[in-house]
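These notes concern the structure reproduced below.
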Amino acid sequence: MSDDEDVQVEGPALAEDDPMRAFLPTSFGKKHKETDIAAQIDRSKRTVEPPVGKPKSQDSDSDDANDSDNDNDSDESDEEDEYPTSHEMVIKTHDRAVTSLSLDPAGSRLISGSIDCTVKLHDLSSLTPTTIRAFRSVDPYETKQSANSESHPVHHVQFNPLAGSVFLCISAHPQAKILSRDGDIITEFVKGDMYLRDMNNTKGHVSEVTTGTWHPTDKNVCVTAGTDSTLRIWDINNKRSQKEVLVFKSKAAGAAGRTRMTAVAWATPVQGGNNVLVSAALDGSLVMWGGSGPFTRPAGEIREAHKPNTWTGGIDISSDGRMVVTRGGDNLIKLWDTRKFKQPLVSVEHPSTSDHYPTTNIKYGPNSTSIITGSATGHLHILNPGNLRPEYITPVTPGSPVITVDWHPKINQIITGSANAETHILYNPTMSTRGAVDVMSRAPKRRHVDDNPEFTTDISLGLSGDSIVTPGGALPGKKTGLTASGKSRDPRRPHVPQQTPFMRSQPDEKHISENIPLSKMLHEDPREALLKYADLAKKDPMFTKAWKSTQPVTQYADVSDEEDDGPDKKKVKR
């Protein structure tokens with residue numbers, strides 16, 4: 001072979017799309033395992049059907065009917081780019097339906113409440129694509145680890161919009177709580193006297209609290225709504241009594257002046273001015289107060305704004321403080337003007353889920369340019385704030401209702417909570433910042449033993465929860481009881497022998513009775529031991545023997561039958 005001839009190495013005769021090519025080396029030497037961030041984000045892209053966009057007008061020209069497929073594809077991409085819904089991150093940390101969600105003002109910490117009676121705390125700044133889990137799970141009303149501890153479904157959780165260090169937690173209980181961003185209880189508001197008829201004289205709610213919200217400008221003030229027909233304004237630094245109590249007197253027939261407050265919203269205009277407090281009731285009323293007071297009587301009231309005895313769970317106020325949107329249990333979404341608080345401006349049909357999930361909400365988007373809400377079919381609806389028509393509809397959890405939604409203005413991401421216990425964070429890599437974008441941009445964490453939550457130590461408790469064996473308590477997922485031989489089915493529970501050395505074996509009992517003084521008194525009845533000396537004490541008294549010969553004889557007066565039993569009764573004067 002001459003030197004001029006090139007040496008050709010025959011490669012494997014494989015097609016370009018052959019899956020075997022993935023197992024063949026592409027180069028020699030040590031390879032640096034660098035994460036392909038672009039490919040990782042592409043894997044989080046949502047693969048859904050073409051979304052329902054704005055309804056097209058019928059007055060279209062003939063030229064529009066001959067548009068090419070490329071133009072249609074570009075229109076669909078423009079619709080996707082208009083809202084941050086192209087990608088998603090799914091969080092599965094709850095066991096039952098997610099009822100409430102909230103992000104802190106910076107968008108770095110996510111809290112979620114559920115009807116499984118827990119609040120999950122997620123730190124988005126430390127999550128990776130392979131370690132999407134909550135760093136802490138809190139039951140606000142669990143005082144100790146026992147089977148008899150109280151647990152209540154979580155209705156509402158909300159971070160303080162002015163101070164992200166605390167959040168409001170409301171469960172199916174008369175007492176709302178303020179928790180820190182790490183899940184520690186800071187304040188528990190007092191419960192009122194349920195035997196007082198006048199709610200103005202009670203110091204707190206006397207029945208279940210349904211929802212609440214924060215003051216728009218004061219970080220130390222919040223409001224709660226309860227089933228005792230009151231709204232109560234609290235100072236979080238004073239838990240012994242509310243700051244103000246707003247008693248709503250229902251005018252519905254047969255209600256006796258009381259109803260249940262189902263939703264509340266508190267907002268202030270961005271351009272400045274008086275804030276507005278709006279609440280909905282079970283009797284269908286919509287009530288408005290001036291947020292700065294006085295609260296003796298409402299500034300406006302609309303009777304039967306929604307159908308009576310239907311749960312109006314969603315209410316929100318626009319950023320300019322002029323418009324109020326409500327979503328009722330009568331399958332209607334209505335738009336109201338606070339300046340003409342009498343009739344709805346717009347009313348549209350929308351199937352309600354508040355009969356099964358009372359915390360179903362509706363929210364204004366950033367700058368009030370859109371309105372978002374969920375649906376019973378599992379779709380996210382983005383509505384026009386003027387006419388309430390759907391501008392964008394996309395499936396999130398098909399077949400499972402979307403209960404709660406929120407649109408964070410700073411990171412420009414939409415979070416949803418569904419009935420199938422899933423939390424979805426919708427985002428767009430080009431429009432959104434931080435939050436889920438940072439999570440999906442991090443390198444996957446290598447698998448470690450600490451990745452399994454069952455083996456991870458809870459730092460707040462100091463010990464792993466699975467390492468503590470409660471006597472008589474059944475551990476979840478563990479076998480309990482004894483086998484035929486008398487051994488425990490739980491491998492971690494030590495075997496206790498039936499006969500202990502000092503209880504039932506005869507040689508040891510004999511040894512104790514002979515060597516330990518008064519050991520027989522352990523099995524002796526004290527009453528029988530004292531009665532043994534009853535006859536002896538009567539015949540030969542030890543302490544009263546000196547007076548036996550000098551003791552006087554007791555003499556009783558003889559009473560004849562002729563004498564009366566008692567003194568003469570006085571004659572009654574008439």
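Identifiers in the structure tokens: chain A, B, ... in order shown; residue index from 1 per chain; ligand index from 1 in order shown.
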Worksheet entry | A:Met288 environment, 6 Å, only C-alpha atoms, sequence neighbours closer than 5 positions dropped, as a VMD selection string | chain A and resid 277 to 278 298 to 300
Item to complete: Would you kindly return, as an NGL selection string, each protein, DNA or RNA residue with an atom no farther than 9 Å from any atom of stretch 180-184 of chain A, considering only C-alpha atoms and excluding same-chain residues fewer than 5 positions away?
Response: :A and (104 or 109 or 111 or 119-121 or 136-138 or 140 or 159 or 164-168)
Fill in: Distance in Å - atom CA of A:Gly386 versus atom CA of A:Thr369
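Atom CA of A:Thr369 lies 9.1 Å from atom CA of A:Gly386.
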Worksheet item: Using only C-alpha atoms, which of the listed residues (A:His306, A:Arg240, A:His356, A:His350) sits closest to A:Gly374?
Response: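 Under the stated criterion, the closest residue is A:His350.
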Discussion item. Could you list, as a ChimeraX atom specification, every residue within 7 Å of A:Ile317, counting only C-alpha atoms and ignoring same-chain residues fewer than 6 positions away?
Written reply: /A:265,267,323-325
Go ahead and save the picked residues with C-alpha atoms, as a PDB file, in the first residue's frame.
```pdb
ATOM      1  CA  ALA A 265     -61.613  41.157  48.448  1.00  0.00           C
ATOM      2  CA  ALA A 267     -57.952  46.547  47.113  1.00  0.00           C
ATOM      3  CA  MET A 323     -64.457  47.090  38.633  1.00  0.00           C
ATOM      4  CA  VAL A 324     -65.430  43.988  40.613  1.00  0.00           C
ATOM      5  CA  VAL A 325     -65.698  40.524  39.067  1.00  0.00           C
TER       6      VAL A 325
END
```
Worksheet item: Mind checking DSSP for stretch 53-261 of chain A and telling me the helix (DSSP H, G or I) residues as a PyMOL selection string?
Response: chain A and resi 62-65+69-82+199-201
Fill in: Computed interatomic separation between atom CA of A:Lys239 and atom CA of A:Ala263 (Å)
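The value is 22.3 Å.
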Practice prompt. Pick out each residue of stretch 239-428 of chain A that DSSP on the backbone tags as strand (DSSP E); I need them as a PyMOL selection string.
Written response: chain A and resi 244-247+261-267+276-281+286-290+300-302+314-317+323-327+332-337+346-349+362-364+371-374+379-383+390-395+402-408+413-418+423-427
Worksheet item: Using only C-alpha atoms, which residues sit within 9 Å of stretch 433-436 of chain A once same-chain residues fewer than 3 positions away are excluded, as a list of chain:residue names?
Response: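 So, after excluding close chain neighbours, the residues are A:Glu88, A:Met89, A:Gly107, A:Ser108, A:Arg109, A:Leu124, A:Ser125, A:Lys410, A:Ile411, A:Asn412, A:Gln413, A:Ile425, A:Leu426, A:Tyr427, A:Asn428, A:Pro429, A:Thr430, A:Val439, A:Met440, A:Ser441.
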